[in-house]
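Below you'll find the structure, written out as structure tokens, and then a few comments.
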Amino acid sequence: MANNKQKKVILERVKEEEIRFIRLQFTDIMGVMKNVAIPSSQLEKALDGELMFDGSSIHGFAEISESDMYLVPDPNTFVVFPWRGGTGKVARLICDVANPDGTPFEGCPRTNLKRVLKEAQAMGYTMQVGPEAEFFLFLSDENGRATTNTQDDAGYFDLAPVDLGENARRDMDMTLEEMGFEIEASHHEVAPGQHEIDFKYGDALSIADAIMTFKLTVRSIAQRHGLHASFMPKPIYGINGSGMHCHQSLFIEGKNAFYDPEGEDQLSDLARYYMGGILKHARALSAVTNPTVNSYKRLVPGYEAPVYLAWSGKNRSCLIRVPAKRGMSTRIEVRNPDPSCNPYLAMAVMLKAGLDGIKNKINPPVSVDRNIYKMDAEERKAMNIESLPGDLLEALHELEKNEIVKSALGDHIYEKLVEGRMEEWKEYTMQVTPWEVKQYLTRF
Amino acid sequence: MPRATIIVADSKDSSRRLIRDILQRSAYQVVAETKNLPETLRKCRTFYPDLLIIDGALEGGSVTELAGIVEGDNLARVLILTGEKDGHLRRDYAHVDKPVSEETLLSVVEVCLFYKQQVENMQKELEKMREEINTRKLVEQAKGILMKTLGIEENDAYRRIQKESMNRGLNKKEVARAIIIAFENEAN
């Protein structure tokens, strides 16, 4: 909770910048950002953690019987949105959710991540993460709704002298920088209309917060450009999907614990065990890092998305790539997460899997430097290379069997997550898709 | 003087064409016509026109929001053609009530373009003054710190900041900020 000094600083800022509304934000279990807007007159009360909301209306949160919950803002997350709408300036605070008696709510993904980070801290580690989120910029139609037409091909009909997507992305970069992001790279991606913005790595909690802020910012700015930004993993069949590769490492007392100048490939045993843990639990992890029906349509061979459980220093068909940089930058890149995941939960489960690898000294298999897409099933079997689940259902079944990954979620989140995703899966399987209609309507 | 550039945003084809024709006859350059809100944003960011004329009943989103973005991001000045239900728009933006005759439209457009330059100059002036006030605030605070910690007079404190600013090629605001940060760090 905010101490007096932090409170004073925030209240002064709000007065100085004539901020009229403050959004109190938190993320639900399904990874969707929720927010409660309060007028600035209520801010002091909110900073004291005295604001309540009805938790029963939030998917995967409380039952009706325990619906009153508190929002406890984290004063370090105070940011003024640099863009203005018709209603003046807006600021936000990211919150933890607490029970009516003030204890942390175990269904709050952010609180849960803190719990798992503490476990790592007890072992002496802090987790550092650098995400690379990809997204598409589509045109909004005459009703302001999203389409799957990319600006790139519309630009052709438009005869526009400028690339609207480029412009929008530049505006995003500048806005994010104003909000304190350190942008490391920002570029067009492989598919038409696809973009990527990378920002500087940091500790897992701030990065999970940053990912949520990032998505909100990218969407808001796109809207101001007449575009729609989508983080859907595979919006269009036949072209690359959007991933969110997560570079990660553990630090001990400010030093990178994955680096060992004497070790093989200059990697420490710790790094190997961490990778061993991730690879061992990868099939269950994917239920969290790739949590939607659509996620698994990205994880197919041929589109730079990983399918096979292996690691390599070079080739990108593996689940884990170890970038060539060493020293403080030594890290592993887990390539399957996509931006539809809940970043708080994704970090928690990946860290837990890595820690399990360390505790049990799980050695990863030897690295595979060949393109696995080009191996046949026999070869993969001979090399003992498993693959990620083929669909959400398979991933959920893997999760049900995996006590380690379950423990990283806690009972409440685990149960609500599986319940919600199963519902999604059932609904999906009952759909009659355009593909089916095209295939069968006239044939039978 | 180059011809003023204008975008006309109106979901109804007939009225949009009418406005375009009036403007073009008067030698304004209509760089784009748009039928909905997202398209209008895209065209404004492509052409950066001098003026955007929006019909109050434009489809595809909130006209208030659109006008706020276009003026807020300095893409263009906005003129709204308001209908009976657009009372809320009259408060914040240049507007003229429909139906509007050719003469009225042209004179309103002329007024909008005339004030555009003036508003832009004033905005620049305002920005400058804001900057000055901020600088003064920080310098005052830094002066106070120097006077207290070094036991010197106000004039000397100011001289020191000025000198440091010249020696280091930083403006006074930066120097003052550095003094304040250094002081706060020491206090902690």
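So you can find residues: chains in the structure tokens are A, B, ... in the order shown, residues in each start at 1, and ligands are numbered from 1 in order.
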Can you tell me, as a short mmCIF file (atom, residue, chain, number, x, y, z; two decimals) with C-alpha atoms, in the first residue's frame, which residues in stretch 49-223 of chain A count as alpha helix (DSSP H) by DSSP?
data_model
loop_
_atom_site.label_atom_id
_atom_site.label_comp_id
_atom_site.auth_asym_id
_atom_site.auth_seq_id
_atom_site.Cartn_x
_atom_site.Cartn_y
_atom_site.Cartn_z
CA PRO A 109 -2.94 -13.30 -10.85
CA ARG A 110 -0.66 -10.43 -9.82
CA THR A 111 -0.71 -11.45 -6.16
CA ASN A 112 -0.07 -15.04 -7.24
CA LEU A 113 2.99 -14.04 -9.26
CA LYS A 114 4.36 -12.24 -6.21
CA ARG A 115 3.97 -15.47 -4.23
CA VAL A 116 5.97 -17.50 -6.77
CA LEU A 117 8.61 -14.75 -7.05
CA LYS A 118 9.04 -14.95 -3.28
CA GLU A 119 9.75 -18.67 -3.58
CA ALA A 120 12.51 -17.87 -6.05
CA GLN A 121 13.79 -15.14 -3.78
CA ALA A 122 14.03 -17.61 -0.91
CA GLN A 151 -3.34 -1.60 -43.73
CA ASP A 152 -0.64 -2.82 -46.08
CA ASP A 153 -3.01 -4.18 -48.69
CA ALA A 154 -5.60 -1.48 -48.09
CA GLY A 155 -2.88 1.09 -48.65
CA TYR A 156 -2.75 -0.18 -52.19
CA PHE A 157 -6.39 0.70 -52.81
CA ASP A 158 -6.14 3.81 -50.71
CA LEU A 164 -0.27 4.35 -41.79
CA GLY A 165 0.98 1.32 -39.87
CA GLU A 166 4.52 2.71 -39.67
CA ASN A 167 3.17 6.05 -38.49
CA ALA A 168 0.95 4.49 -35.88
CA ARG A 169 3.85 2.39 -34.61
CA ARG A 170 6.09 5.44 -34.35
CA ASP A 171 3.39 7.14 -32.32
CA MET A 172 3.19 4.02 -30.11
CA ASP A 173 6.96 4.08 -29.57
CA MET A 174 6.90 7.72 -28.55
CA THR A 175 3.90 7.29 -26.28
CA LEU A 176 5.43 4.24 -24.60
CA GLU A 177 8.67 6.14 -24.05
CA GLU A 178 6.74 8.97 -22.45
CA ALA A 204 9.20 -10.35 -13.76
CA LEU A 205 6.53 -8.37 -11.90
CA SER A 206 7.26 -5.02 -13.54
CA ILE A 207 7.44 -6.72 -16.91
CA ALA A 208 4.10 -8.45 -16.43
CA ASP A 209 2.63 -5.05 -15.53
CA ALA A 210 4.41 -3.54 -18.52
CA ILE A 211 2.97 -6.13 -20.91
CA MET A 212 -0.58 -5.26 -19.84
CA THR A 213 0.17 -1.54 -20.14
CA PHE A 214 1.83 -2.15 -23.49
CA LYS A 215 -1.21 -3.90 -24.93
CA LEU A 216 -3.54 -1.18 -23.72
CA THR A 217 -1.32 1.55 -25.14
CA VAL A 218 -0.85 -0.12 -28.50
CA ARG A 219 -4.60 -0.61 -28.83
CA SER A 220 -5.44 2.94 -27.77
CA ILE A 221 -2.96 4.54 -30.14
CA ALA A 222 -4.05 2.31 -33.02
CA GLN A 223 -7.60 3.46 -32.46
#
>> Should the cut-off be 9 Å, what would the residue list for chain B against chain A look like, counting only C-alpha atoms, as a VMD selection string?
In response: chain B and resid 35 to 47 59 to 61 64 to 70 72 to 73
>> Could you list, as number ranges by chain, every residue within 8 Å of stretch 87-96 of chain B, counting only C-alpha atoms and ignoring same-chain residues fewer than 5 positions away?
In response: B: 64, 67, 78-82, 105, 108, 112
>> Please report the interatomic distance between atom CA of A:Tyr373 and atom CA of A:Glu132 in Å with one decimal.
In response: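 Atom-to-atom, atom CA of A:Tyr373 to atom CA of A:Glu132, that is 22.7 Å.
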> Which residues come within 9 Å of A:Asn294, counting only C-alpha atoms, excluding same-chain residues fewer than 2 positions away, as a list in words?
Replying inline: Met232, Pro233, Lys234, Pro235, Asn290, Pro291, Thr292, Tyr296, Lys297, Arg298, Asp391 and Leu392 of chain A
Put those residues in a file: all heavy atoms, as a CSV table (one decimal), in the first residue's frame.
chain,number,residue,atom,x,y,z
A,232,MET,N,-4.3,-11.2,-31.1
A,232,MET,CA,-4.8,-12.6,-31.4
A,232,MET,C,-3.6,-13.4,-32.0
A,232,MET,O,-2.9,-12.9,-32.9
A,232,MET,CB,-5.9,-12.5,-32.4
A,232,MET,CG,-6.6,-13.8,-32.7
A,232,MET,SD,-8.0,-13.5,-33.7
A,232,MET,CE,-8.4,-15.2,-34.2
A,233,PRO,N,-3.4,-14.6,-31.5
A,233,PRO,CA,-2.2,-15.4,-31.9
A,233,PRO,C,-2.2,-15.7,-33.4
A,233,PRO,O,-1.1,-15.6,-34.0
A,233,PRO,CB,-2.3,-16.6,-31.1
A,233,PRO,CG,-3.2,-16.3,-29.9
A,233,PRO,CD,-4.1,-15.3,-30.4
A,234,LYS,N,-3.3,-16.0,-34.0
A,234,LYS,CA,-3.2,-16.4,-35.4
A,234,LYS,C,-4.5,-15.8,-36.1
A,234,LYS,O,-5.5,-16.6,-36.3
A,234,LYS,CB,-3.2,-17.9,-35.6
A,234,LYS,CG,-3.0,-18.4,-37.0
A,234,LYS,CD,-1.6,-18.5,-37.4
A,234,LYS,CE,-1.4,-19.2,-38.7
A,234,LYS,NZ,0.0,-19.4,-39.1
A,235,PRO,N,-4.5,-14.6,-36.4
A,235,PRO,CA,-5.7,-14.0,-37.0
A,235,PRO,C,-6.0,-14.4,-38.4
A,235,PRO,O,-7.2,-14.4,-38.8
A,235,PRO,CB,-5.5,-12.5,-36.9
A,235,PRO,CG,-4.0,-12.3,-36.8
A,235,PRO,CD,-3.5,-13.6,-36.2
A,290,ASN,N,-0.2,-20.5,-23.8
A,290,ASN,CA,-0.9,-20.5,-25.0
A,290,ASN,C,-2.3,-20.9,-24.7
A,290,ASN,O,-2.8,-22.0,-25.0
A,290,ASN,CB,-0.3,-21.5,-26.0
A,290,ASN,CG,1.2,-21.2,-26.2
A,290,ASN,OD1,2.0,-21.6,-25.4
A,290,ASN,ND2,1.6,-20.6,-27.3
A,291,PRO,N,-3.1,-19.9,-24.1
A,291,PRO,CA,-4.3,-20.4,-23.4
A,291,PRO,C,-5.6,-20.3,-24.3
A,291,PRO,O,-6.6,-20.7,-23.7
A,291,PRO,CB,-4.4,-19.3,-22.3
A,291,PRO,CG,-3.8,-18.1,-22.9
A,291,PRO,CD,-2.8,-18.5,-23.9
A,292,THR,N,-5.5,-20.0,-25.5
A,292,THR,CA,-6.8,-19.9,-26.3
A,292,THR,C,-6.8,-21.0,-27.4
A,292,THR,O,-5.8,-21.6,-27.7
A,292,THR,CB,-6.9,-18.6,-27.0
A,292,THR,OG1,-5.8,-18.4,-27.9
A,292,THR,CG2,-6.9,-17.4,-26.0
A,296,TYR,N,-3.2,-22.5,-30.7
A,296,TYR,CA,-2.6,-23.7,-31.3
A,296,TYR,C,-2.6,-23.7,-32.8
A,296,TYR,O,-2.1,-24.6,-33.4
A,296,TYR,CB,-3.4,-25.0,-30.7
A,296,TYR,CG,-3.0,-25.0,-29.2
A,296,TYR,CD1,-3.8,-24.3,-28.3
A,296,TYR,CD2,-1.9,-25.6,-28.8
A,296,TYR,CE1,-3.5,-24.2,-27.0
A,296,TYR,CE2,-1.5,-25.6,-27.4
A,296,TYR,CZ,-2.3,-24.8,-26.5
A,296,TYR,OH,-1.9,-24.8,-25.2
A,297,LYS,N,-3.3,-22.7,-33.4
A,297,LYS,CA,-3.3,-22.6,-34.8
A,297,LYS,C,-2.0,-21.9,-35.2
A,297,LYS,O,-1.6,-21.9,-36.4
A,297,LYS,CB,-4.5,-21.9,-35.3
A,297,LYS,CG,-5.7,-22.7,-34.8
A,297,LYS,CD,-7.0,-22.4,-35.4
A,297,LYS,CE,-8.0,-23.5,-35.0
A,297,LYS,NZ,-9.3,-23.3,-35.2
A,298,ARG,N,-1.4,-21.2,-34.3
A,298,ARG,CA,-0.1,-20.6,-34.5
A,298,ARG,C,1.0,-21.6,-34.4
A,298,ARG,O,2.0,-21.5,-35.1
A,298,ARG,CB,0.2,-19.5,-33.5
A,298,ARG,CG,1.6,-19.0,-33.5
A,298,ARG,CD,1.8,-17.8,-32.5
A,298,ARG,NE,3.2,-17.7,-32.2
A,298,ARG,CZ,3.8,-18.1,-31.1
A,298,ARG,NH1,3.1,-18.6,-30.1
A,298,ARG,NH2,5.1,-18.0,-31.0
A,391,ASP,N,-3.7,-29.1,-29.5
A,391,ASP,CA,-4.8,-28.2,-29.3
A,391,ASP,C,-5.0,-27.8,-27.8
A,391,ASP,O,-4.3,-28.4,-26.9
A,391,ASP,CB,-6.1,-28.7,-29.9
A,391,ASP,CG,-6.5,-30.1,-29.3
A,391,ASP,OD1,-6.3,-30.3,-28.1
A,391,ASP,OD2,-6.9,-30.9,-30.1
A,392,LEU,N,-5.9,-26.9,-27.5
A,392,LEU,CA,-6.1,-26.5,-26.2
A,392,LEU,C,-6.5,-27.6,-25.2
A,392,LEU,O,-6.1,-27.7,-24.1
A,392,LEU,CB,-7.2,-25.4,-26.2
A,392,LEU,CG,-7.5,-24.7,-24.8
A,392,LEU,CD1,-6.3,-24.1,-24.2
A,392,LEU,CD2,-8.6,-23.7,-24.9
